[in-house]
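Undergrad: Structure file structure.txt (compact mmCIF, C-alpha atoms and all ligand atoms) right here:
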```
# COMPACT_ATOMS: atom_id res chain seq x y z
CA ASP D 237 -12.61 -29.23 0.89
CA ILE D 238 -14.45 -28.22 4.03
CA ASN D 239 -17.50 -26.05 4.47
CA PHE D 240 -19.95 -25.19 7.25
CA TYR D 241 -23.11 -26.03 5.37
CA SER D 242 -22.91 -29.64 6.48
CA TYR D 243 -21.13 -31.66 9.16
CA GLN D 244 -17.77 -32.92 7.97
CA ARG D 245 -16.67 -36.53 8.31
CA PHE D 246 -13.48 -37.52 10.16
CA ASP D 247 -11.38 -38.24 7.06
CA VAL D 248 -12.32 -34.91 5.53
CA ILE D 249 -11.30 -33.10 8.70
CA ASN D 250 -7.94 -34.90 9.03
CA LYS D 251 -7.15 -34.36 5.35
CA TYR D 252 -7.95 -30.68 5.77
CA LEU D 253 -5.43 -30.44 8.62
CA ASP D 254 -2.79 -32.07 6.41
CA ARG D 255 -3.58 -29.69 3.57
CA LEU D 256 -3.19 -26.65 5.85
CA ALA D 257 0.16 -27.97 7.08
CA ALA D 258 1.34 -28.40 3.49
CA GLU D 259 0.01 -25.03 2.34
CA PHE D 260 1.13 -22.96 5.35
CA PRO D 261 4.29 -24.68 6.59
CA GLN D 262 5.51 -21.52 8.37
CA GLN D 263 2.36 -21.12 10.43
CA VAL D 264 1.02 -24.60 10.94
CA ASN D 265 2.04 -28.12 11.79
CA THR D 266 0.01 -31.19 12.58
CA VAL D 267 0.62 -33.15 15.75
CA GLU D 268 0.05 -36.91 15.76
CA LEU D 269 -1.17 -38.28 19.05
CA GLY D 270 -1.36 -42.02 18.45
CA GLN D 271 -4.32 -44.07 17.36
CA SER D 272 -7.90 -44.57 18.39
CA TYR D 273 -9.13 -48.01 19.44
CA GLU D 274 -10.21 -48.74 15.85
CA GLY D 275 -6.89 -47.47 14.49
CA ARG D 276 -7.73 -43.96 13.33
CA THR D 277 -4.93 -41.41 13.55
CA LEU D 278 -5.49 -38.92 16.36
CA LYS D 279 -4.43 -35.59 14.94
CA ALA D 280 -4.23 -32.05 16.29
CA ILE D 281 -2.99 -28.88 14.66
CA HIS D 282 -0.56 -26.35 16.07
CA ILE D 283 -0.96 -22.81 14.81
CA HIS D 284 1.51 -20.03 15.46
CA SER D 285 2.31 -16.67 13.94
CA GLN D 286 5.19 -16.49 11.51
CA GLN D 287 7.46 -14.65 13.95
CA SER D 288 7.33 -17.39 16.54
CA GLY D 289 9.65 -19.52 14.42
CA ASP D 290 12.25 -18.37 16.92
CA LYS D 291 12.46 -21.36 19.25
CA SER D 292 13.81 -19.39 22.20
CA GLU D 293 10.55 -17.51 22.48
CA LYS D 294 7.83 -19.47 24.22
CA LYS D 295 4.43 -18.00 23.68
CA PRO D 296 1.48 -18.74 25.89
CA LEU D 297 -0.74 -21.41 24.41
CA ILE D 298 -4.49 -21.84 24.03
CA PHE D 299 -5.49 -25.49 23.80
CA ILE D 300 -8.93 -26.32 22.43
CA ASP D 301 -10.40 -29.77 21.95
CA ALA D 302 -13.74 -31.09 20.77
CA GLY D 303 -15.64 -34.26 20.30
CA LEU D 304 -14.92 -36.29 23.41
CA HIS D 305 -18.61 -37.04 22.96
CA ALA D 306 -19.36 -38.43 19.53
CA ARG D 307 -22.83 -37.06 18.92
CA GLU D 308 -22.06 -33.42 19.76
CA TRP D 309 -21.32 -32.49 16.17
CA ILE D 310 -21.56 -28.72 16.61
CA ALA D 311 -18.49 -29.00 18.88
CA HIS D 312 -16.36 -30.59 16.16
CA ALA D 313 -17.63 -27.99 13.71
CA THR D 314 -16.69 -25.14 16.07
CA ALA D 315 -13.14 -26.42 16.50
CA LEU D 316 -12.86 -26.75 12.74
CA TYR D 317 -14.10 -23.19 12.28
CA VAL D 318 -11.53 -21.84 14.75
CA ILE D 319 -8.81 -23.63 12.78
CA GLN D 320 -10.10 -22.31 9.47
CA GLN D 321 -10.35 -18.71 10.71
CA LEU D 322 -6.92 -18.65 12.37
CA VAL D 323 -5.16 -20.16 9.38
CA GLU D 324 -7.05 -19.13 6.25
CA ASN D 325 -8.20 -15.78 7.61
CA ALA D 326 -5.00 -15.04 9.52
CA THR D 327 -4.67 -11.38 8.55
CA PHE D 328 -7.96 -10.74 10.32
CA TYR D 329 -6.75 -12.38 13.53
CA ARG D 330 -3.30 -10.88 13.83
CA ARG D 331 -3.91 -10.03 17.47
CA GLU D 332 -4.95 -13.56 18.42
CA LEU D 333 -1.90 -14.96 16.63
CA GLU D 334 0.43 -12.42 18.21
CA MET D 335 -0.84 -13.14 21.71
CA TYR D 336 -0.87 -16.92 21.52
CA ASP D 337 0.10 -20.17 19.97
CA TRP D 338 -2.96 -22.32 19.37
CA LEU D 339 -3.30 -26.05 19.65
CA ILE D 340 -6.58 -27.46 18.40
CA TRP D 341 -7.71 -31.09 18.42
CA PRO D 342 -11.05 -31.20 16.63
CA VAL D 343 -12.02 -34.90 16.92
CA VAL D 344 -10.85 -36.53 20.16
CA ASN D 345 -13.15 -39.54 19.71
CA PRO D 346 -13.08 -40.37 15.98
CA ASP D 347 -14.42 -43.93 16.33
CA GLY D 348 -17.52 -42.69 18.09
CA TYR D 349 -17.85 -39.77 15.69
CA GLU D 350 -17.83 -42.01 12.62
CA TYR D 351 -20.23 -44.43 14.31
CA SER D 352 -22.61 -41.53 14.97
CA HIS D 353 -22.53 -40.83 11.22
CA THR D 354 -22.88 -44.38 9.95
CA SER D 355 -24.94 -46.28 12.52
CA GLU D 356 -26.37 -44.45 15.49
CA ARG D 357 -26.74 -40.67 15.33
CA PHE D 358 -26.81 -40.17 19.10
CA TRP D 359 -23.87 -42.38 20.05
CA ARG D 360 -21.83 -40.71 22.80
CA LYS D 361 -19.04 -43.03 23.88
CA THR D 362 -15.91 -44.59 22.40
CA ARG D 363 -16.13 -47.91 20.51
CA GLN D 364 -13.90 -50.16 22.61
CA PRO D 365 -15.72 -53.28 23.84
CA ASP D 366 -15.62 -54.22 27.49
CA PRO D 367 -12.19 -55.89 27.90
CA GLU D 368 -13.42 -58.26 30.62
CA GLY D 369 -15.98 -59.55 28.17
CA TYR D 370 -18.72 -59.62 30.82
CA SER D 371 -20.83 -57.20 28.89
CA LYS D 372 -21.97 -57.12 25.32
CA CYS D 373 -22.16 -53.34 25.54
CA VAL D 374 -19.56 -51.26 23.74
CA GLY D 375 -17.85 -48.02 24.60
CA VAL D 376 -16.74 -45.82 27.46
CA ASP D 377 -17.70 -42.23 28.23
CA LEU D 378 -14.36 -40.52 27.57
CA ASN D 379 -15.38 -37.64 29.81
CA ARG D 380 -15.57 -40.00 32.79
CA ASN D 381 -12.36 -41.92 32.05
CA PHE D 382 -9.78 -39.51 33.54
CA ASP D 383 -7.95 -40.27 36.76
CA PHE D 384 -9.15 -37.44 38.93
CA TYR D 385 -11.91 -38.54 41.29
CA TRP D 386 -12.52 -41.35 38.80
CA ALA D 387 -15.81 -43.21 39.43
CA PHE D 388 -16.60 -40.81 42.28
CA VAL D 389 -19.84 -39.18 41.15
CA GLY D 390 -22.07 -38.78 38.09
CA SER D 391 -20.76 -41.82 36.24
CA SER D 392 -21.78 -45.46 35.96
CA PHE D 393 -20.23 -48.87 36.62
CA ASP D 394 -22.56 -50.37 34.01
CA PRO D 395 -20.92 -50.77 30.58
CA CYS D 396 -24.36 -50.40 29.03
CA ASP D 397 -24.88 -46.89 30.42
CA ILE D 398 -24.02 -43.80 28.40
CA ASP D 399 -21.91 -42.43 31.26
CA TYR D 400 -19.89 -45.64 31.85
CA HIS D 401 -16.53 -44.62 33.32
CA GLY D 402 -14.66 -47.63 31.93
CA PRO D 403 -13.08 -50.61 33.70
CA GLU D 404 -10.25 -48.45 35.01
CA PRO D 405 -8.98 -44.87 34.60
CA PHE D 406 -7.44 -44.27 31.19
CA SER D 407 -8.73 -47.51 29.73
CA GLU D 408 -9.29 -45.60 26.48
CA PRO D 409 -6.35 -44.76 24.16
CA GLU D 410 -8.02 -41.43 23.31
CA ALA D 411 -8.03 -40.39 26.99
CA VAL D 412 -4.37 -41.45 27.29
CA ALA D 413 -3.51 -39.30 24.26
CA LEU D 414 -5.30 -36.30 25.75
CA ARG D 415 -3.56 -36.80 29.10
CA GLU D 416 -0.16 -36.93 27.40
CA LEU D 417 -0.93 -33.80 25.39
CA LEU D 418 -2.02 -31.91 28.52
CA PHE D 419 1.24 -32.87 30.25
CA LYS D 420 3.22 -31.87 27.19
CA VAL D 421 1.78 -28.36 27.00
CA ASN D 422 0.98 -27.48 30.59
CA ASP D 423 4.07 -25.32 31.10
CA THR D 424 2.88 -22.76 28.54
CA CYS D 425 -0.84 -23.47 28.34
CA LYS D 426 -2.91 -20.56 29.64
CA MET D 427 -6.32 -21.99 28.88
CA TYR D 428 -7.75 -25.41 28.10
CA LEU D 429 -11.15 -25.16 26.45
CA THR D 430 -13.14 -28.32 25.84
CA LEU D 431 -16.10 -28.07 23.48
CA HIS D 432 -19.32 -29.99 24.13
CA SER D 433 -23.02 -29.62 23.45
CA TYR D 434 -25.71 -28.83 24.25
CA GLY D 435 -27.42 -26.31 26.53
CA GLY D 436 -25.53 -23.01 26.41
CA TYR D 437 -23.19 -23.13 29.41
CA PHE D 438 -19.75 -21.87 30.27
CA LEU D 439 -18.59 -24.39 32.88
CA TYR D 440 -15.44 -24.20 34.97
CA PRO D 441 -14.12 -26.53 37.72
CA TRP D 442 -15.08 -28.31 39.72
CA GLY D 443 -17.27 -31.00 38.28
CA TYR D 444 -16.58 -33.59 40.98
CA ASP D 445 -17.96 -31.49 43.84
CA ASN D 446 -19.85 -28.30 44.63
CA VAL D 447 -16.77 -26.68 46.17
CA LEU D 448 -15.29 -23.86 44.11
CA PRO D 449 -11.61 -23.66 43.16
CA PRO D 450 -9.33 -20.91 44.53
CA ASN D 451 -9.41 -18.75 41.39
CA TRP D 452 -13.12 -19.22 40.67
CA ARG D 453 -13.86 -15.49 40.60
CA TYR D 454 -11.37 -15.12 37.82
CA LEU D 455 -12.73 -18.17 35.98
CA ASP D 456 -16.17 -16.67 36.32
CA ALA D 457 -14.96 -13.38 34.81
CA VAL D 458 -13.48 -15.27 31.85
CA ALA D 459 -16.75 -17.15 31.38
CA ARG D 460 -18.78 -13.94 31.56
CA ALA D 461 -16.55 -12.27 28.99
CA GLY D 462 -17.43 -15.07 26.61
CA LEU D 463 -21.09 -15.09 27.50
CA GLU D 464 -21.58 -11.34 27.16
CA THR D 465 -19.81 -11.17 23.84
CA ILE D 466 -22.07 -13.85 22.42
CA ARG D 467 -25.18 -12.24 23.86
CA ASN D 468 -24.23 -8.79 22.53
CA ALA D 469 -23.64 -10.29 19.12
CA SER D 470 -27.39 -10.95 19.48
CA GLY D 471 -26.48 -14.59 19.65
CA SER D 472 -27.38 -17.33 22.06
CA PHE D 473 -28.04 -16.98 25.76
CA TYR D 474 -25.52 -18.77 27.98
CA THR D 475 -25.26 -19.45 31.71
CA ALA D 476 -21.90 -19.42 33.56
CA GLY D 477 -20.85 -21.33 36.66
CA SER D 478 -19.03 -24.35 38.01
CA SER D 479 -19.85 -27.68 36.35
CA ALA D 480 -21.17 -29.37 39.48
CA ARG D 481 -23.29 -26.42 40.60
CA THR D 482 -24.56 -25.26 37.24
CA LEU D 483 -25.09 -28.52 35.33
CA TYR D 484 -24.62 -31.57 37.58
CA PRO D 485 -21.83 -33.23 39.55
CA ALA D 486 -19.78 -35.55 37.33
CA SER D 487 -16.19 -36.65 37.96
CA GLY D 488 -13.41 -38.16 35.89
CA ALA D 489 -13.80 -35.52 33.18
CA SER D 490 -11.00 -33.99 31.12
CA ASP D 491 -11.62 -30.47 32.41
CA ASP D 492 -11.19 -31.36 36.09
CA PHE D 493 -8.10 -33.38 35.17
CA ALA D 494 -6.58 -30.48 33.22
CA TYR D 495 -7.16 -28.14 36.14
CA GLY D 496 -6.50 -30.45 39.08
CA VAL D 497 -3.67 -32.62 37.77
CA ALA D 498 -2.11 -30.87 34.75
CA LYS D 499 -2.50 -27.56 36.65
CA ILE D 500 -3.64 -25.47 33.72
CA PRO D 501 -4.75 -22.18 35.28
CA VAL D 502 -7.86 -21.54 33.19
CA VAL D 503 -10.08 -24.46 32.24
CA MET D 504 -13.44 -24.05 30.58
CA CYS D 505 -16.05 -26.39 29.18
CA MET D 506 -18.41 -24.80 26.68
CA GLU D 507 -21.75 -26.48 26.18
CA LEU D 508 -22.69 -25.07 22.82
CA PRO D 509 -26.29 -24.26 21.91
CA SER D 510 -28.70 -26.73 20.41
CA GLY D 511 -29.89 -24.61 17.51
CA GLY D 512 -33.34 -25.65 18.61
CA SER D 513 -32.75 -29.36 18.17
CA GLY D 514 -30.66 -30.94 20.88
CA PHE D 515 -27.45 -32.57 19.73
CA ASP D 516 -28.39 -32.05 16.11
CA PRO D 517 -28.53 -28.40 15.08
CA PRO D 518 -29.87 -28.22 11.51
CA ALA D 519 -27.31 -27.72 8.77
CA ASP D 520 -28.29 -24.11 8.14
CA ARG D 521 -27.60 -23.27 11.81
CA ILE D 522 -24.00 -24.54 11.77
CA LEU D 523 -22.36 -21.41 10.39
CA PRO D 524 -24.16 -18.89 12.64
CA LEU D 525 -23.49 -21.05 15.71
CA VAL D 526 -19.80 -21.67 15.05
CA ALA D 527 -19.27 -18.01 14.16
CA GLU D 528 -20.85 -16.68 17.38
CA SER D 529 -18.98 -19.29 19.43
CA TRP D 530 -15.69 -18.18 17.91
CA GLN D 531 -16.45 -14.60 19.02
CA GLY D 532 -17.04 -15.88 22.55
CA ILE D 533 -13.80 -17.86 22.48
CA ARG D 534 -11.86 -14.79 21.30
CA ALA D 535 -13.33 -12.73 24.13
CA MET D 536 -12.23 -15.32 26.69
CA THR D 537 -8.68 -15.39 25.35
CA ARG D 538 -8.48 -11.59 25.63
CA GLU D 539 -9.57 -11.84 29.26
CA VAL D 540 -7.09 -14.64 29.97
CA HIS D 541 -4.24 -12.63 28.49
CA ASP D 542 -4.29 -10.01 31.24
CA TYR D 543 -4.20 -12.58 34.03
CA PRO D 544 -0.80 -13.07 35.73
O1 LIG P 601 -21.51 -34.59 31.24
C1 LIG P 601 -20.57 -34.14 30.58
O2 LIG P 601 -19.54 -34.77 30.35
C2 LIG P 601 -20.67 -32.73 30.00
N1 LIG P 601 -22.01 -32.51 29.52
S1 LIG P 601 -22.50 -33.27 28.15
O3 LIG P 601 -23.93 -33.01 27.98
N2 LIG P 601 -21.76 -32.66 26.89
O4 LIG P 601 -22.22 -34.67 28.27
C3 LIG P 601 -20.35 -31.72 31.07
C4 LIG P 601 -19.01 -31.87 31.70
C5 LIG P 601 -18.71 -30.76 32.68
N3 LIG P 601 -17.50 -31.00 33.41
C6 LIG P 601 -17.45 -31.80 34.51
N4 LIG P 601 -18.51 -32.32 35.04
N5 LIG P 601 -16.26 -31.97 35.02
ZN ZN P 602 -20.35 -33.70 25.90
```
As structure tokens, please, write out the structure in this file.
Ligand code: 0X9
Ligand code: ZN
TA:
Amino acid sequence: DINFYSYQRFDVINKYLDRLAAEFPQQVNTVELGQSYEGRTLKAIHIHSQQSGDKSEKKPLIFIDAGLHAREWIAHATALYVIQQLVENATFYRRELEMYDWLIWPVVNPDGYEYSHTSERFWRKTRQPDPEGYSKCVGVDLNRNFDFYWAFVGSSFDPCDIDYHGPEPFSEPEAVALRELLFKVNDTCKMYLTLHSYGGYFLYPWGYDNVLPPNWRYLDAVARAGLETIRNASGSFYTAGSSARTLYPASGASDDFAYGVAKIPVVMCMELPSGGSGFDPPADRILPLVAESWQGIRAMTREVHDYP
């Protein structure tokens, strides 16, 4: 079974999703999204309240993913915590389940995630070798592989760099799966939240340029709702702003794609805190960090709900 006293491996996480689907068939179903380069099953979970069994009723959807970057383990843990709370603690989150359907994909890059457990703790990319065979270096930065201003800024042509954008857009099966999922849900999806670490930022589009999108004031209000909730819970201190202005310009990322191409109205990238140690918060910090992050996520979804 899962816990938040250690970081869970990919198989444990996927088996947990299957167990929830078997145990709560009225509220939960898993969604298979194809396979990773190394053949792992890409699996998300769809969570809905019991009443929404009525197919004619289409609820707004919150879509959360984590782990495009392998080493950012607190992101995977946060997604897992959201799943656990919404399903196993459902009576406590009646409001969240009444307002929304939830789609959560906790490990977008399972090959990289497993590699960061077995071989190289701070591995970031996928595990697909360079198809042209020119380079001995392995892996693509999934968050540079999307076809929106691909290879435009903040990414590298060098397969040996950690921000290598890949030989072409959507060279990675995991990015293709995420694209297809975004297109599948974008008619009902109110917010796409992508979980990363570290630094303590709420980032909204754009990442490819310093220009701000038309609804940036609203995006900023959503971000501040999350930030203030976490701060008032005497939790971590976050900064809010556009990706390019607040962190650095970087294009070809999933968030810009979700906003610019899939046209999801609210897109947010959370850079979770470090727990004092970079990409590797100590085990005893996992539970406090995922719990405060979940409060911030809830606050954002309340803010999103009132938006037309
Ligand atoms: O560089 C990234 O992909 C993200 N930071 S991380 O340290 N987790 O690697 C930030 C992505 C922000 N979004 C865009 N630049 N579009
Ligand atoms: Zn990241």
Undergrad: What's around Ile533 (chain D) at 12 Å? Count only C-alpha atoms, leave out sequence neighbours fewer than 4 positions away in its own chain, and write the answer as an NGL selection string.
TA: :D and (298-300 or 314-315 or 317-318 or 332 or 427-431 or 438 or 458-466 or 504-506 or 508 or 526-529 or 537-540)
Undergrad: Got time to write the residues from that selection, C-alpha atoms, as a PDB file, keeping the file's coordinate frame?
TA:
```pdb
ATOM      1  CA  ILE D 298      -4.490 -21.840  24.030  1.00  0.00           C
ATOM      2  CA  PHE D 299      -5.490 -25.490  23.800  1.00  0.00           C
ATOM      3  CA  ILE D 300      -8.930 -26.320  22.430  1.00  0.00           C
ATOM      4  CA  THR D 314     -16.690 -25.140  16.070  1.00  0.00           C
ATOM      5  CA  ALA D 315     -13.140 -26.420  16.500  1.00  0.00           C
ATOM      6  CA  TYR D 317     -14.100 -23.190  12.280  1.00  0.00           C
ATOM      7  CA  VAL D 318     -11.530 -21.840  14.750  1.00  0.00           C
ATOM      8  CA  GLU D 332      -4.950 -13.560  18.420  1.00  0.00           C
ATOM      9  CA  MET D 427      -6.320 -21.990  28.880  1.00  0.00           C
ATOM     10  CA  TYR D 428      -7.750 -25.410  28.100  1.00  0.00           C
ATOM     11  CA  LEU D 429     -11.150 -25.160  26.450  1.00  0.00           C
ATOM     12  CA  THR D 430     -13.140 -28.320  25.840  1.00  0.00           C
ATOM     13  CA  LEU D 431     -16.100 -28.070  23.480  1.00  0.00           C
ATOM     14  CA  PHE D 438     -19.750 -21.870  30.270  1.00  0.00           C
ATOM     15  CA  VAL D 458     -13.480 -15.270  31.850  1.00  0.00           C
ATOM     16  CA  ALA D 459     -16.750 -17.150  31.380  1.00  0.00           C
ATOM     17  CA  ARG D 460     -18.780 -13.940  31.560  1.00  0.00           C
ATOM     18  CA  ALA D 461     -16.550 -12.270  28.990  1.00  0.00           C
ATOM     19  CA  GLY D 462     -17.430 -15.070  26.610  1.00  0.00           C
ATOM     20  CA  LEU D 463     -21.090 -15.090  27.500  1.00  0.00           C
ATOM     21  CA  GLU D 464     -21.580 -11.340  27.160  1.00  0.00           C
ATOM     22  CA  THR D 465     -19.810 -11.170  23.840  1.00  0.00           C
ATOM     23  CA  ILE D 466     -22.070 -13.850  22.420  1.00  0.00           C
ATOM     24  CA  MET D 504     -13.440 -24.050  30.580  1.00  0.00           C
ATOM     25  CA  CYS D 505     -16.050 -26.390  29.180  1.00  0.00           C
ATOM     26  CA  MET D 506     -18.410 -24.800  26.680  1.00  0.00           C
ATOM     27  CA  LEU D 508     -22.690 -25.070  22.820  1.00  0.00           C
ATOM     28  CA  VAL D 526     -19.800 -21.670  15.050  1.00  0.00           C
ATOM     29  CA  ALA D 527     -19.270 -18.010  14.160  1.00  0.00           C
ATOM     30  CA  GLU D 528     -20.850 -16.680  17.380  1.00  0.00           C
ATOM     31  CA  SER D 529     -18.980 -19.290  19.430  1.00  0.00           C
ATOM     32  CA  THR D 537      -8.680 -15.390  25.350  1.00  0.00           C
ATOM     33  CA  ARG D 538      -8.480 -11.590  25.630  1.00  0.00           C
ATOM     34  CA  GLU D 539      -9.570 -11.840  29.260  1.00  0.00           C
ATOM     35  CA  VAL D 540      -7.090 -14.640  29.970  1.00  0.00           C
TER      36      VAL D 540
END
```
Undergrad: For ligand ZN 602 (chain P), collect every residue having any atom at a distance of at most 7 Å from a ligand atom (counting all atoms listed in the file); output as a PyMOL selection string.
TA: chain D and resi 304-305+308+432-433
Undergrad: Using all atoms listed in the file, can you tell me which of D:Ala311, D:Leu418, D:Met335, D:Ala258 comes closest to ligand LIG 601 (chain P)?
TA: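 Once distances to ligand LIG 601 (chain P) are computed over all atoms listed in the file, the minimum belongs to D:Ala311.
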Undergrad: Taking only C-alpha atoms into account, which of D:Leu278, D:Val421, D:Ala476, D:Leu439 comes nearest Pro346 (chain D)?
TA: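 Smallest separation from Pro346 (chain D) among the options: D:Leu278.
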Undergrad: Using only C-alpha atoms and all ligand atoms, find each protein or nucleic acid residue lying at most 6 Å from ligand LIG 601 (chain P); present the set as an mmCIF file with C-alpha atoms, in the coordinates of the input.
TA:
```cif
data_model
loop_
_atom_site.group_PDB
_atom_site.id
_atom_site.type_symbol
_atom_site.label_atom_id
_atom_site.label_comp_id
_atom_site.auth_asym_id
_atom_site.auth_seq_id
_atom_site.Cartn_x
_atom_site.Cartn_y
_atom_site.Cartn_z
ATOM 1 C CA ASN D 379 -15.380 -37.640 29.810
ATOM 2 C CA HIS D 432 -19.320 -29.990 24.130
ATOM 3 C CA SER D 433 -23.020 -29.620 23.450
ATOM 4 C CA TYR D 434 -25.710 -28.830 24.250
ATOM 5 C CA GLY D 443 -17.270 -31.000 38.280
ATOM 6 C CA SER D 479 -19.850 -27.680 36.350
ATOM 7 C CA ALA D 480 -21.170 -29.370 39.480
ATOM 8 C CA PRO D 485 -21.830 -33.230 39.550
ATOM 9 C CA ALA D 486 -19.780 -35.550 37.330
ATOM 10 C CA SER D 487 -16.190 -36.650 37.960
ATOM 11 C CA ALA D 489 -13.800 -35.520 33.180
ATOM 12 C CA ASP D 491 -11.620 -30.470 32.410
ATOM 13 C CA ASP D 492 -11.190 -31.360 36.090
#
```
Undergrad: Could you jot down the CA of Gly471 (chain D) to CA of Ser510 (chain D) separation for me, Å, one decimal place?
TA: 12.4 Å
Undergrad: Nearest residue to Arg415 (chain D) out of D:Ser478, D:Thr354, D:Thr266, D:Asn381, using all atoms listed in the file?
TA: D:Asn381
Undergrad: Give me, please, the distance in Å between CA of Asp254 (chain D) and CA of Leu297 (chain D), quoted to one decimal.
TA: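 Result for CA of Asp254 (chain D) versus CA of Leu297 (chain D): 21.0 Å, one decimal.
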Undergrad: Rounded to one decimal, what separation in Å do you get between CA of Asp377 (chain D) and CA of Asp399 (chain D)?
TA: 5.2 Å
Undergrad: Which one is closest to Leu455 (chain D): D:Glu368, D:Glu507, D:Tyr440, D:Val389? Count only C-alpha atoms.
TA: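 Among D:Glu368, D:Glu507, D:Tyr440, D:Val389, it is D:Tyr440 that comes nearest to Leu455 (chain D).
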Undergrad: Listed atoms of region 362-379 of chain D, axis-aligned box, 4 Å per side: centre and edge lengths to one decimal in Å, as AutoDock Vina command-line options?
TA:
```
--center_x -17.2 --center_y -48.6 --center_z 25.7 --size_x 18.0 --size_y 30.0 --size_z 18.3
```
Undergrad: With 10 Å as the threshold, what does the neighbourhood of (-6.2, -25.9, 7.2) contain in terms of residues, counting all atoms listed in the file? Coordinates are those of the file; answer as a list in words.
TA: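 Residues satisfying the cut-off, written out: Asp237, Ile238, Ile249, Asn250, Lys251, Tyr252, Leu253, Asp254, Arg255, Leu256, Ala257, Ala258, Glu259, Phe260, Val264, Asn265, Thr266, Ile281, Ile283, Leu316, Tyr317, Ile319, Gln320, Gln321, Leu322, Val323 and Glu324 of chain D.
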Undergrad: I need the chosen residues saved as an mmCIF file, in the coordinates of the input, with C-alpha atoms.
TA:
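The resulting part_4.cif:
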```cif
data_model
loop_
_atom_site.group_PDB
_atom_site.id
_atom_site.type_symbol
_atom_site.label_atom_id
_atom_site.label_comp_id
_atom_site.auth_asym_id
_atom_site.auth_seq_id
_atom_site.Cartn_x
_atom_site.Cartn_y
_atom_site.Cartn_z
ATOM 1 C CA ASP D 237 -12.610 -29.230 0.890
ATOM 2 C CA ILE D 238 -14.450 -28.220 4.030
ATOM 3 C CA ILE D 249 -11.300 -33.100 8.700
ATOM 4 C CA ASN D 250 -7.940 -34.900 9.030
ATOM 5 C CA LYS D 251 -7.150 -34.360 5.350
ATOM 6 C CA TYR D 252 -7.950 -30.680 5.770
ATOM 7 C CA LEU D 253 -5.430 -30.440 8.620
ATOM 8 C CA ASP D 254 -2.790 -32.070 6.410
ATOM 9 C CA ARG D 255 -3.580 -29.690 3.570
ATOM 10 C CA LEU D 256 -3.190 -26.650 5.850
ATOM 11 C CA ALA D 257 0.160 -27.970 7.080
ATOM 12 C CA ALA D 258 1.340 -28.400 3.490
ATOM 13 C CA GLU D 259 0.010 -25.030 2.340
ATOM 14 C CA PHE D 260 1.130 -22.960 5.350
ATOM 15 C CA VAL D 264 1.020 -24.600 10.940
ATOM 16 C CA ASN D 265 2.040 -28.120 11.790
ATOM 17 C CA THR D 266 0.010 -31.190 12.580
ATOM 18 C CA ILE D 281 -2.990 -28.880 14.660
ATOM 19 C CA ILE D 283 -0.960 -22.810 14.810
ATOM 20 C CA LEU D 316 -12.860 -26.750 12.740
ATOM 21 C CA TYR D 317 -14.100 -23.190 12.280
ATOM 22 C CA ILE D 319 -8.810 -23.630 12.780
ATOM 23 C CA GLN D 320 -10.100 -22.310 9.470
ATOM 24 C CA GLN D 321 -10.350 -18.710 10.710
ATOM 25 C CA LEU D 322 -6.920 -18.650 12.370
ATOM 26 C CA VAL D 323 -5.160 -20.160 9.380
ATOM 27 C CA GLU D 324 -7.050 -19.130 6.250
#
```
Undergrad: Out of D:Asp445, D:Glu274, D:Glu334, D:Glu356, which residue has the shortest atom-to-atom distance to Tyr484 (chain D) when counting all atoms listed in the file?
TA: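 Smallest separation from Tyr484 (chain D) among the options: D:Asp445.
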Undergrad: Do a neighbour search on Ala280 (chain D) at 6 Å with all atoms listed in the file, toss out local chain neighbours closer than 5 positions, and write the hits as a PyMOL selection string.
TA: chain D and resi 266-267+340-341
Undergrad: Counting only C-alpha atoms, which of D:Phe493, D:Tyr241, D:Tyr454, D:Tyr444 gets nearest to Asp383 (chain D)?
TA: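 When distances to Asp383 (chain D) are compared using only C-alpha atoms, the smallest one comes from D:Phe493.
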